[in-house]
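**Student:** Contents of target-v8.txt (compact mmCIF, N, CA and C atoms and all ligand atoms) are given next:
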# COMPACT_ATOMS: atom_id res chain seq x y z
N MET G 23 -19.08 43.84 39.28
CA MET G 23 -19.00 43.23 37.96
C MET G 23 -17.84 42.24 37.91
N ALA G 24 -16.67 42.75 38.15
CA ALA G 24 -15.48 41.89 38.03
C ALA G 24 -15.51 40.80 39.08
N GLY G 25 -15.03 39.62 38.68
CA GLY G 25 -14.96 38.53 39.63
C GLY G 25 -16.11 37.55 39.50
N ASP G 26 -17.20 37.96 38.87
CA ASP G 26 -18.32 37.04 38.70
C ASP G 26 -17.99 35.94 37.70
N ASN G 27 -17.26 36.30 36.67
CA ASN G 27 -16.91 35.33 35.65
C ASN G 27 -15.45 34.95 35.75
N PRO G 28 -15.15 33.68 35.59
CA PRO G 28 -13.76 33.23 35.69
C PRO G 28 -12.96 33.68 34.47
N PRO G 29 -11.64 33.83 34.66
CA PRO G 29 -10.82 34.28 33.54
C PRO G 29 -10.71 33.23 32.43
N ILE G 30 -10.61 33.75 31.23
CA ILE G 30 -10.41 32.91 30.05
C ILE G 30 -9.05 33.28 29.46
N LEU G 31 -8.24 32.30 29.17
CA LEU G 31 -6.92 32.53 28.59
C LEU G 31 -6.96 32.29 27.09
N TYR G 32 -6.52 33.28 26.33
CA TYR G 32 -6.46 33.14 24.88
C TYR G 32 -5.00 33.21 24.45
N ILE G 33 -4.52 32.14 23.85
CA ILE G 33 -3.13 32.05 23.41
C ILE G 33 -3.09 32.15 21.89
N GLU G 34 -2.56 33.24 21.40
CA GLU G 34 -2.66 33.56 19.96
C GLU G 34 -1.54 34.52 19.59
N ASP G 35 -0.82 34.22 18.51
CA ASP G 35 0.30 35.08 18.13
C ASP G 35 -0.14 36.29 17.31
N ASN G 36 -1.38 36.26 16.80
CA ASN G 36 -1.84 37.36 15.95
C ASN G 36 -2.54 38.44 16.78
N PHE G 37 -1.99 39.65 16.71
CA PHE G 37 -2.49 40.75 17.54
C PHE G 37 -3.95 41.07 17.24
N GLU G 38 -4.31 41.16 15.96
CA GLU G 38 -5.68 41.54 15.60
C GLU G 38 -6.70 40.53 16.15
N ASN G 39 -6.35 39.26 16.07
CA ASN G 39 -7.26 38.23 16.60
C ASN G 39 -7.42 38.36 18.11
N ARG G 40 -6.31 38.69 18.79
CA ARG G 40 -6.40 38.86 20.24
C ARG G 40 -7.31 40.03 20.59
N VAL G 41 -7.18 41.13 19.85
CA VAL G 41 -8.01 42.30 20.11
C VAL G 41 -9.49 41.97 19.90
N LEU G 42 -9.79 41.27 18.82
CA LEU G 42 -11.17 40.93 18.51
C LEU G 42 -11.79 40.07 19.61
N VAL G 43 -11.08 39.01 19.98
CA VAL G 43 -11.61 38.09 21.00
C VAL G 43 -11.73 38.79 22.35
N ARG G 44 -10.74 39.61 22.68
CA ARG G 44 -10.80 40.33 23.94
C ARG G 44 -12.03 41.24 23.99
N ARG G 45 -12.27 41.95 22.90
CA ARG G 45 -13.42 42.87 22.87
C ARG G 45 -14.74 42.13 23.05
N ILE G 46 -14.86 41.03 22.34
CA ILE G 46 -16.12 40.27 22.42
C ILE G 46 -16.33 39.74 23.84
N LEU G 47 -15.28 39.15 24.40
CA LEU G 47 -15.43 38.50 25.70
C LEU G 47 -15.57 39.52 26.83
N GLN G 48 -14.85 40.63 26.74
CA GLN G 48 -14.97 41.65 27.78
C GLN G 48 -16.37 42.26 27.74
N ALA G 49 -16.94 42.39 26.55
CA ALA G 49 -18.31 42.91 26.43
C ALA G 49 -19.31 41.99 27.11
N GLU G 50 -18.94 40.70 27.21
CA GLU G 50 -19.80 39.71 27.87
C GLU G 50 -19.50 39.62 29.36
N GLY G 51 -18.52 40.39 29.82
CA GLY G 51 -18.21 40.42 31.24
C GLY G 51 -17.12 39.46 31.68
N TYR G 52 -16.46 38.82 30.72
CA TYR G 52 -15.39 37.90 31.07
C TYR G 52 -14.08 38.63 31.29
N GLU G 53 -13.29 38.10 32.20
CA GLU G 53 -11.91 38.55 32.33
C GLU G 53 -11.07 37.77 31.33
N VAL G 54 -10.30 38.47 30.52
CA VAL G 54 -9.53 37.83 29.46
C VAL G 54 -8.04 37.95 29.75
N LEU G 55 -7.37 36.80 29.80
CA LEU G 55 -5.92 36.76 29.90
C LEU G 55 -5.39 36.45 28.51
N GLU G 56 -4.29 37.10 28.12
CA GLU G 56 -3.77 36.91 26.78
C GLU G 56 -2.31 36.48 26.82
N ALA G 57 -1.95 35.63 25.87
CA ALA G 57 -0.56 35.26 25.67
C ALA G 57 -0.28 35.27 24.18
N ASP G 58 0.90 35.76 23.80
CA ASP G 58 1.22 35.85 22.38
C ASP G 58 2.12 34.72 21.91
N SER G 59 2.38 33.76 22.80
CA SER G 59 3.16 32.59 22.39
C SER G 59 2.75 31.41 23.26
N ALA G 60 3.05 30.21 22.77
CA ALA G 60 2.72 29.00 23.53
C ALA G 60 3.47 28.98 24.85
N GLN G 61 4.72 29.41 24.83
CA GLN G 61 5.53 29.38 26.04
C GLN G 61 4.94 30.27 27.13
N SER G 62 4.59 31.51 26.76
CA SER G 62 4.03 32.41 27.77
C SER G 62 2.63 31.95 28.16
N GLY G 63 1.91 31.35 27.22
CA GLY G 63 0.59 30.82 27.53
C GLY G 63 0.64 29.73 28.58
N LEU G 64 1.62 28.87 28.45
CA LEU G 64 1.78 27.78 29.43
C LEU G 64 2.08 28.34 30.81
N ARG G 65 2.94 29.34 30.85
CA ARG G 65 3.30 29.94 32.13
C ARG G 65 2.09 30.61 32.78
N ILE G 66 1.33 31.37 31.98
CA ILE G 66 0.14 32.05 32.53
C ILE G 66 -0.90 31.04 32.99
N ALA G 67 -1.06 29.97 32.23
CA ALA G 67 -2.02 28.92 32.62
C ALA G 67 -1.64 28.33 33.97
N GLN G 68 -0.35 28.05 34.16
CA GLN G 68 0.11 27.45 35.41
C GLN G 68 -0.05 28.42 36.58
N GLU G 69 0.14 29.71 36.30
CA GLU G 69 0.05 30.71 37.37
C GLU G 69 -1.38 31.08 37.70
N GLN G 70 -2.23 31.20 36.68
CA GLN G 70 -3.57 31.77 36.87
C GLN G 70 -4.69 30.74 36.92
N LYS G 71 -4.44 29.53 36.42
CA LYS G 71 -5.46 28.48 36.39
C LYS G 71 -6.79 29.01 35.84
N PRO G 72 -6.82 29.40 34.58
CA PRO G 72 -8.05 29.94 33.99
C PRO G 72 -9.15 28.88 33.91
N ALA G 73 -10.38 29.34 33.72
CA ALA G 73 -11.51 28.42 33.62
C ALA G 73 -11.58 27.77 32.25
N LEU G 74 -11.01 28.45 31.26
CA LEU G 74 -11.05 27.96 29.89
C LEU G 74 -9.81 28.48 29.17
N ILE G 75 -9.26 27.63 28.32
CA ILE G 75 -8.10 28.04 27.53
C ILE G 75 -8.47 27.92 26.06
N MET G 76 -8.28 29.01 25.32
CA MET G 76 -8.48 28.98 23.87
C MET G 76 -7.11 29.13 23.23
N VAL G 77 -6.82 28.25 22.30
CA VAL G 77 -5.48 28.23 21.75
C VAL G 77 -5.48 28.23 20.22
N ASP G 78 -4.66 29.10 19.67
CA ASP G 78 -4.43 29.14 18.23
C ASP G 78 -3.54 27.94 17.88
N ILE G 79 -3.81 27.33 16.74
CA ILE G 79 -3.00 26.18 16.34
C ILE G 79 -1.68 26.61 15.69
N ASN G 80 -1.77 27.56 14.79
CA ASN G 80 -0.59 27.96 14.04
C ASN G 80 0.16 29.08 14.75
N MET G 81 1.20 28.69 15.47
CA MET G 81 2.06 29.65 16.14
C MET G 81 3.51 29.24 15.89
N PRO G 82 4.41 30.22 15.80
CA PRO G 82 5.81 29.89 15.57
C PRO G 82 6.42 29.21 16.80
N GLU G 83 7.48 28.49 16.58
CA GLU G 83 8.26 27.82 17.63
C GLU G 83 7.50 26.64 18.22
N LEU G 84 6.43 26.94 18.96
CA LEU G 84 5.66 25.85 19.58
C LEU G 84 4.21 26.01 19.15
N ASP G 85 3.68 25.02 18.43
CA ASP G 85 2.32 25.14 17.90
C ASP G 85 1.27 24.79 18.96
N GLY G 86 0.02 25.14 18.67
CA GLY G 86 -1.05 24.99 19.64
C GLY G 86 -1.37 23.55 19.99
N LEU G 87 -1.19 22.64 19.06
CA LEU G 87 -1.48 21.23 19.36
C LEU G 87 -0.44 20.64 20.30
N THR G 88 0.82 20.99 20.06
CA THR G 88 1.88 20.54 20.97
C THR G 88 1.66 21.12 22.36
N LEU G 89 1.31 22.40 22.40
CA LEU G 89 1.02 23.05 23.68
C LEU G 89 -0.14 22.36 24.39
N THR G 90 -1.18 22.04 23.64
CA THR G 90 -2.34 21.36 24.23
C THR G 90 -1.93 20.03 24.85
N SER G 91 -1.11 19.27 24.13
CA SER G 91 -0.63 17.99 24.67
C SER G 91 0.14 18.19 25.97
N MET G 92 0.95 19.24 25.99
CA MET G 92 1.74 19.52 27.20
C MET G 92 0.82 19.87 28.37
N MET G 93 -0.20 20.69 28.11
CA MET G 93 -1.08 21.12 29.20
C MET G 93 -1.95 19.96 29.68
N LYS G 94 -2.36 19.08 28.77
CA LYS G 94 -3.18 17.93 29.17
C LYS G 94 -2.35 16.90 29.93
N ALA G 95 -1.02 16.95 29.75
CA ALA G 95 -0.14 16.05 30.49
C ALA G 95 0.25 16.62 31.85
N ASP G 96 -0.11 17.88 32.09
CA ASP G 96 0.21 18.56 33.34
C ASP G 96 -0.99 18.38 34.29
N ARG G 97 -0.79 17.66 35.37
CA ARG G 97 -1.92 17.32 36.24
C ARG G 97 -2.57 18.54 36.88
N SER G 98 -1.84 19.66 36.94
CA SER G 98 -2.43 20.87 37.51
C SER G 98 -3.30 21.61 36.48
N LEU G 99 -3.21 21.20 35.22
CA LEU G 99 -3.94 21.89 34.16
C LEU G 99 -4.91 20.99 33.40
N SER G 100 -4.78 19.69 33.56
CA SER G 100 -5.47 18.75 32.67
C SER G 100 -6.99 18.84 32.75
N HIS G 101 -7.51 19.43 33.85
CA HIS G 101 -8.96 19.54 34.00
C HIS G 101 -9.55 20.74 33.26
N ILE G 102 -8.69 21.64 32.81
CA ILE G 102 -9.18 22.87 32.18
C ILE G 102 -9.52 22.60 30.71
N PRO G 103 -10.74 22.95 30.30
CA PRO G 103 -11.10 22.74 28.90
C PRO G 103 -10.23 23.59 27.97
N ILE G 104 -9.84 22.98 26.86
CA ILE G 104 -9.03 23.69 25.86
C ILE G 104 -9.77 23.66 24.53
N VAL G 105 -9.94 24.83 23.96
CA VAL G 105 -10.63 24.95 22.68
C VAL G 105 -9.65 25.46 21.63
N ALA G 106 -9.51 24.74 20.55
CA ALA G 106 -8.66 25.19 19.45
C ALA G 106 -9.40 26.23 18.62
N ILE G 107 -8.72 27.32 18.33
CA ILE G 107 -9.30 28.33 17.45
C ILE G 107 -8.37 28.48 16.26
N THR G 108 -8.84 28.06 15.11
CA THR G 108 -7.91 27.98 13.99
C THR G 108 -8.58 28.15 12.65
N ALA G 109 -7.82 28.64 11.71
CA ALA G 109 -8.30 28.79 10.34
C ALA G 109 -8.11 27.50 9.55
N ASN G 110 -7.46 26.53 10.15
CA ASN G 110 -7.25 25.26 9.45
C ASN G 110 -8.58 24.61 9.11
N VAL G 111 -8.78 24.30 7.89
CA VAL G 111 -10.04 23.65 7.51
C VAL G 111 -9.77 22.36 6.76
N MET G 112 -8.52 21.94 6.74
CA MET G 112 -8.19 20.73 6.02
C MET G 112 -8.79 19.50 6.69
N ARG G 113 -9.09 18.53 5.86
CA ARG G 113 -9.63 17.27 6.35
C ARG G 113 -8.67 16.68 7.38
N GLY G 114 -9.20 16.27 8.51
CA GLY G 114 -8.35 15.67 9.52
C GLY G 114 -7.95 16.64 10.62
N ASP G 115 -8.17 17.93 10.42
CA ASP G 115 -7.76 18.90 11.44
C ASP G 115 -8.53 18.70 12.74
N ARG G 116 -9.81 18.45 12.61
CA ARG G 116 -10.64 18.25 13.80
C ARG G 116 -10.15 17.02 14.57
N GLU G 117 -9.83 15.97 13.84
CA GLU G 117 -9.33 14.75 14.47
C GLU G 117 -7.99 15.02 15.17
N ARG G 118 -7.17 15.83 14.51
CA ARG G 118 -5.86 16.13 15.12
C ARG G 118 -6.01 16.94 16.40
N THR G 119 -6.96 17.89 16.42
CA THR G 119 -7.15 18.68 17.64
C THR G 119 -7.67 17.79 18.76
N LEU G 120 -8.56 16.86 18.44
CA LEU G 120 -9.07 15.92 19.45
C LEU G 120 -7.96 15.02 19.96
N ALA G 121 -7.13 14.53 19.03
CA ALA G 121 -6.05 13.63 19.42
C ALA G 121 -5.05 14.34 20.34
N ALA G 122 -4.88 15.63 20.14
CA ALA G 122 -3.95 16.40 20.97
C ALA G 122 -4.55 16.67 22.35
N GLY G 123 -5.86 16.45 22.49
CA GLY G 123 -6.49 16.64 23.79
C GLY G 123 -7.43 17.83 23.87
N CYS G 124 -7.63 18.51 22.75
CA CYS G 124 -8.56 19.65 22.77
C CYS G 124 -9.98 19.16 23.06
N ASP G 125 -10.73 19.98 23.80
CA ASP G 125 -12.11 19.65 24.13
C ASP G 125 -13.08 20.18 23.09
N GLY G 126 -12.60 21.02 22.20
CA GLY G 126 -13.47 21.59 21.20
C GLY G 126 -12.69 22.36 20.16
N TYR G 127 -13.43 22.96 19.25
CA TYR G 127 -12.83 23.54 18.06
C TYR G 127 -13.72 24.68 17.60
N ILE G 128 -13.17 25.86 17.46
CA ILE G 128 -13.91 26.99 16.89
C ILE G 128 -13.14 27.46 15.67
N GLN G 129 -13.85 27.55 14.56
CA GLN G 129 -13.19 27.88 13.30
C GLN G 129 -13.11 29.39 13.07
N LYS G 130 -11.96 29.84 12.59
CA LYS G 130 -11.81 31.22 12.14
C LYS G 130 -12.33 31.32 10.71
N PRO G 131 -12.85 32.45 10.25
CA PRO G 131 -13.01 33.66 11.07
C PRO G 131 -14.09 33.48 12.14
N ILE G 132 -13.85 34.09 13.29
CA ILE G 132 -14.77 34.00 14.40
C ILE G 132 -16.09 34.67 14.06
N ASP G 133 -17.18 33.99 14.36
CA ASP G 133 -18.52 34.54 14.18
C ASP G 133 -18.84 35.38 15.42
N VAL G 134 -18.83 36.70 15.25
CA VAL G 134 -18.95 37.62 16.39
C VAL G 134 -20.25 37.39 17.16
N ASP G 135 -21.31 37.05 16.45
CA ASP G 135 -22.61 36.86 17.12
C ASP G 135 -22.69 35.53 17.85
N LEU G 136 -22.05 34.52 17.28
CA LEU G 136 -22.13 33.16 17.82
C LEU G 136 -21.09 32.90 18.90
N PHE G 137 -19.99 33.63 18.85
CA PHE G 137 -18.83 33.32 19.68
C PHE G 137 -19.12 33.28 21.19
N PRO G 138 -19.83 34.28 21.74
CA PRO G 138 -20.10 34.24 23.19
C PRO G 138 -20.85 32.99 23.61
N GLN G 139 -21.77 32.55 22.79
CA GLN G 139 -22.54 31.34 23.08
C GLN G 139 -21.65 30.10 23.04
N GLN G 140 -20.74 30.06 22.07
CA GLN G 140 -19.81 28.94 21.97
C GLN G 140 -18.92 28.89 23.21
N VAL G 141 -18.43 30.05 23.62
CA VAL G 141 -17.56 30.11 24.80
C VAL G 141 -18.32 29.67 26.04
N HIS G 142 -19.56 30.12 26.16
CA HIS G 142 -20.38 29.75 27.31
C HIS G 142 -20.55 28.23 27.39
N GLN G 143 -20.77 27.61 26.25
CA GLN G 143 -20.92 26.15 26.21
C GLN G 143 -19.65 25.46 26.69
N PHE G 144 -18.53 25.95 26.22
CA PHE G 144 -17.27 25.31 26.61
C PHE G 144 -16.96 25.54 28.09
N LEU G 145 -17.34 26.70 28.62
CA LEU G 145 -17.12 26.96 30.04
C LEU G 145 -17.91 25.99 30.90
N GLU G 146 -19.04 25.55 30.42
CA GLU G 146 -19.85 24.60 31.18
C GLU G 146 -19.14 23.27 31.33
N LEU G 147 -18.20 22.99 30.43
CA LEU G 147 -17.43 21.75 30.54
C LEU G 147 -16.61 21.73 31.83
N THR G 148 -16.27 22.92 32.33
CA THR G 148 -15.48 23.02 33.54
C THR G 148 -16.20 22.36 34.70
N HIS G 149 -17.51 22.46 34.70
CA HIS G 149 -18.29 21.95 35.83
C HIS G 149 -18.89 20.59 35.54
N ARG G 150 -18.49 20.02 34.46
CA ARG G 150 -19.11 18.78 34.04
C ARG G 150 -18.12 17.62 34.19
N ASP G 151 -18.65 16.49 34.56
CA ASP G 151 -17.81 15.29 34.64
C ASP G 151 -17.17 15.03 33.28
N SER G 152 -15.85 14.90 33.29
CA SER G 152 -15.14 14.73 32.03
C SER G 152 -15.50 13.41 31.34
N GLN G 153 -16.14 12.51 32.10
CA GLN G 153 -16.51 11.23 31.50
C GLN G 153 -17.87 11.30 30.80
N ALA G 154 -18.53 12.44 30.91
CA ALA G 154 -19.86 12.55 30.32
C ALA G 154 -19.77 12.72 28.81
N GLU G 155 -19.60 11.63 28.14
CA GLU G 155 -19.46 11.69 26.68
C GLU G 155 -20.78 12.05 26.03
N GLY G 156 -20.69 12.72 24.93
CA GLY G 156 -21.90 13.11 24.21
C GLY G 156 -22.38 14.47 24.62
N ALA G 157 -21.81 15.01 25.68
CA ALA G 157 -22.24 16.32 26.14
C ALA G 157 -21.41 17.44 25.54
N SER G 158 -20.39 17.09 24.80
CA SER G 158 -19.50 18.09 24.25
C SER G 158 -20.15 18.90 23.14
N PRO G 159 -19.85 20.19 23.09
CA PRO G 159 -20.33 21.02 21.98
C PRO G 159 -19.85 20.51 20.63
N TRP G 160 -18.85 19.66 20.65
CA TRP G 160 -18.38 19.03 19.41
C TRP G 160 -19.53 18.39 18.66
N GLN G 161 -20.43 17.81 19.44
CA GLN G 161 -21.45 16.96 18.84
C GLN G 161 -22.41 17.76 17.96
N SER G 162 -22.53 19.03 18.23
CA SER G 162 -23.55 19.80 17.51
C SER G 162 -22.96 20.61 16.36
N THR G 163 -21.69 20.44 16.09
CA THR G 163 -21.10 21.25 15.02
C THR G 163 -20.66 20.38 13.86
MN MN H 201 -1.35 32.08 14.51
Is it possible to express this structure as structure tokens?

**Tutor:**
Amino acid sequence: MAGDNPPILYIEDNFENRVLVRRILQAEGYEVLEADSAQSGLRIAQEQKPALIMVDINMPELDGLTLTSMMKADRSLSHIPIVAITANVMRGDRERTLAAGCDGYIQKPIDVDLFPQQVHQFLELTHRDSQAEGASPWQST
């Protein structure tokens, strides 16, 4: 079982959210790496090179958008898809996540039934030419 699916890194300061996402993804057979801060998330990303990074936007000290910009500027990490997971619903939030370099956006509260499918779509970005515009799950949401 283990090893078939690449690890997914979830960077989130809220414990309950981490537990929920871990449960859903582990039930789907994914290996889940967790970080409770942007700083530790960056370190784990550099060490483990996950297939997908999901990042909370609202975190103390270093927010998810700043972290995303840092990871996209890191040539060892820039190829890894990053999905923002956030409760922010204000106008312009989606544009801000894109501007920071996020490859997608999943809104909280997480839809437990839909979430595995969303993650699967984003994981496919790993194997896709980054220049293939229009193929992003962004387009259908
Ligand atoms: Mn948070």

**Student:** Counting only N, CA and C atoms and all ligand atoms, figure out which residue out of G:Thr108, G:Leu89, G:Gln48, G:Ser62 gets nearest to ligand MN 201 (chain H).

**Tutor:** G:Thr108

**Student:** Can you list, as a ChimeraX atom specification, every residue of chain G that DSSP puts in helix (DSSP H, G or I)?

**Tutor:** /G:37-49,60-70,86-94,115-122,137-149,159-162

**Student:** What does the distance from atom C of Pro72 (chain G) to atom N of Ile102 (chain G) come to in Å, to one decimal?

**Tutor:**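 Computing it gives 7.3 Å between the two atoms.
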
**Student:** Please measure the separation of CA of Ala49 (chain G) and atom C of Ile128 (chain G), giving the value in Å to one decimal.

**Tutor:** 19.5 Å

**Student:** How would you report the residues lying within 7 Å of ligand MN 201 (chain H), as a list in words, if you count all atoms listed in the file?

**Tutor:** Glu34, Asp35, Asn36, Asp78, Ile79, Asn80, Met81 and Pro82 of chain G

**Student:** Grab the CA of Arg45 (chain G) to CA of Met93 (chain G) distance for me, in Å with one decimal place.

**Tutor:**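 So the two atoms, CA of Arg45 (chain G) and CA of Met93 (chain G), lie 25.8 Å apart.
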
**Student:** Rank G:Leu147, G:Ile107, G:Leu47, G:Leu136 by their smallest atom-to-atom distance to Val77 (chain G), using only N, CA and C atoms, and report the top residue only.

**Tutor:**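 Nearest candidate to Val77 (chain G) out of G:Leu147, G:Ile107, G:Leu47, G:Leu136: G:Ile107.
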
**Student:** Tell me which of G:Leu31, G:Met92, G:Leu87, G:Val41 sits closest to Ile66 (chain G), counting only N, CA and C atoms.

**Tutor:**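 Between G:Leu31, G:Met92, G:Leu87, G:Val41, the residue approaching Ile66 (chain G) most closely is G:Leu31.
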
**Student:** As a list in words, please: every residue in chain G that DSSP puts in strand (DSSP E or B).

**Tutor:**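 Answer for chain G restricted to strand (DSSP E or B) is Ile30, Leu31, Tyr32, Ile33, Val54, Leu55, Glu56, Ala57, Leu74, Ile75, Met76, Val77, Asp78, Ile104, Val105, Ala106, Ile107, Thr108, Gly126, Tyr127, Ile128 and Gln129 of chain G.
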
**Student:** Keeping only N, CA and C atoms, write those residues as an mmCIF file, in the coordinates of the input.

**Tutor:**
data_model
loop_
_atom_site.group_PDB
_atom_site.id
_atom_site.type_symbol
_atom_site.label_atom_id
_atom_site.label_comp_id
_atom_site.auth_asym_id
_atom_site.auth_seq_id
_atom_site.Cartn_x
_atom_site.Cartn_y
_atom_site.Cartn_z
ATOM 1 N N ILE G 30 -10.610 33.750 31.230
ATOM 2 C CA ILE G 30 -10.410 32.910 30.050
ATOM 3 C C ILE G 30 -9.050 33.280 29.460
ATOM 4 N N LEU G 31 -8.240 32.300 29.170
ATOM 5 C CA LEU G 31 -6.920 32.530 28.590
ATOM 6 C C LEU G 31 -6.960 32.290 27.090
ATOM 7 N N TYR G 32 -6.520 33.280 26.330
ATOM 8 C CA TYR G 32 -6.460 33.140 24.880
ATOM 9 C C TYR G 32 -5.000 33.210 24.450
ATOM 10 N N ILE G 33 -4.520 32.140 23.850
ATOM 11 C CA ILE G 33 -3.130 32.050 23.410
ATOM 12 C C ILE G 33 -3.090 32.150 21.890
ATOM 13 N N VAL G 54 -10.300 38.470 30.520
ATOM 14 C CA VAL G 54 -9.530 37.830 29.460
ATOM 15 C C VAL G 54 -8.040 37.950 29.750
ATOM 16 N N LEU G 55 -7.370 36.800 29.800
ATOM 17 C CA LEU G 55 -5.920 36.760 29.900
ATOM 18 C C LEU G 55 -5.390 36.450 28.510
ATOM 19 N N GLU G 56 -4.290 37.100 28.120
ATOM 20 C CA GLU G 56 -3.770 36.910 26.780
ATOM 21 C C GLU G 56 -2.310 36.480 26.820
ATOM 22 N N ALA G 57 -1.950 35.630 25.870
ATOM 23 C CA ALA G 57 -0.560 35.260 25.670
ATOM 24 C C ALA G 57 -0.280 35.270 24.180
ATOM 25 N N LEU G 74 -11.010 28.450 31.260
ATOM 26 C CA LEU G 74 -11.050 27.960 29.890
ATOM 27 C C LEU G 74 -9.810 28.480 29.170
ATOM 28 N N ILE G 75 -9.260 27.630 28.320
ATOM 29 C CA ILE G 75 -8.100 28.040 27.530
ATOM 30 C C ILE G 75 -8.470 27.920 26.060
ATOM 31 N N MET G 76 -8.280 29.010 25.320
ATOM 32 C CA MET G 76 -8.480 28.980 23.870
ATOM 33 C C MET G 76 -7.110 29.130 23.230
ATOM 34 N N VAL G 77 -6.820 28.250 22.300
ATOM 35 C CA VAL G 77 -5.480 28.230 21.750
ATOM 36 C C VAL G 77 -5.480 28.230 20.220
ATOM 37 N N ASP G 78 -4.660 29.100 19.670
ATOM 38 C CA ASP G 78 -4.430 29.140 18.230
ATOM 39 C C ASP G 78 -3.540 27.940 17.880
ATOM 40 N N ILE G 104 -9.840 22.980 26.860
ATOM 41 C CA ILE G 104 -9.030 23.690 25.860
ATOM 42 C C ILE G 104 -9.770 23.660 24.530
ATOM 43 N N VAL G 105 -9.940 24.830 23.960
ATOM 44 C CA VAL G 105 -10.630 24.950 22.680
ATOM 45 C C VAL G 105 -9.650 25.460 21.630
ATOM 46 N N ALA G 106 -9.510 24.740 20.550
ATOM 47 C CA ALA G 106 -8.660 25.190 19.450
ATOM 48 C C ALA G 106 -9.400 26.230 18.620
ATOM 49 N N ILE G 107 -8.720 27.320 18.330
ATOM 50 C CA ILE G 107 -9.300 28.330 17.450
ATOM 51 C C ILE G 107 -8.370 28.480 16.260
ATOM 52 N N THR G 108 -8.840 28.060 15.110
ATOM 53 C CA THR G 108 -7.910 27.980 13.990
ATOM 54 C C THR G 108 -8.580 28.150 12.650
ATOM 55 N N GLY G 126 -12.600 21.020 22.200
ATOM 56 C CA GLY G 126 -13.470 21.590 21.200
ATOM 57 C C GLY G 126 -12.690 22.360 20.160
ATOM 58 N N TYR G 127 -13.430 22.960 19.250
ATOM 59 C CA TYR G 127 -12.830 23.540 18.060
ATOM 60 C C TYR G 127 -13.720 24.680 17.600
ATOM 61 N N ILE G 128 -13.170 25.860 17.460
ATOM 62 C CA ILE G 128 -13.910 26.990 16.890
ATOM 63 C C ILE G 128 -13.140 27.460 15.670
ATOM 64 N N GLN G 129 -13.850 27.550 14.560
ATOM 65 C CA GLN G 129 -13.190 27.880 13.300
ATOM 66 C C GLN G 129 -13.110 29.390 13.070
#

**Student:** When distances are computed from only N, CA and C atoms, which of G:Arg65, G:His101, G:Lys94, G:Arg40 shows the smallest separation from Thr148 (chain G)?

**Tutor:**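 The shortest atom-to-atom distance to Thr148 (chain G) comes from G:His101.
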
**Student:** When distances are computed from all atoms listed in the file, which of G:Gln68, G:Ser59, G:Gln129, G:Gln140 shows the smallest separation from Tyr32 (chain G)?

**Tutor:**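 When distances to Tyr32 (chain G) are compared using all atoms listed in the file, the smallest one comes from G:Ser59.
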
**Student:** My list of candidates is G:Leu74, G:Leu42, G:Ala122, G:Ala57. Which is closest to Ile30 (chain G) when distances are computed with only N, CA and C atoms?

**Tutor:**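 Closest to Ile30 (chain G), using only N, CA and C atoms: G:Leu74.
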
**Student:** Considering all atoms listed in the file, return as a list in words whatever protein or nucleic-acid residues lie within 5 Å of Val105 (chain G), sequence-local ones (same chain, fewer than 6 positions apart) excluded.

**Tutor:**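 Listing them by chain and then by number gives Ile75, Met76, Val77, Asp125, Gly126 and Tyr127 of chain G.
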
**Student:** As JSON, please report the centre and edge lengths, rounded to one decimal in Å, of the axis-aligned box that holds all listed atoms of region 92-96 of chain G with 8 Å of padding on each of the six sides.

**Tutor:**
{"center_x": -0.7, "center_y": 18.6, "center_z": 30.1, "size_x": 20.9, "size_y": 21.1, "size_z": 24.3}
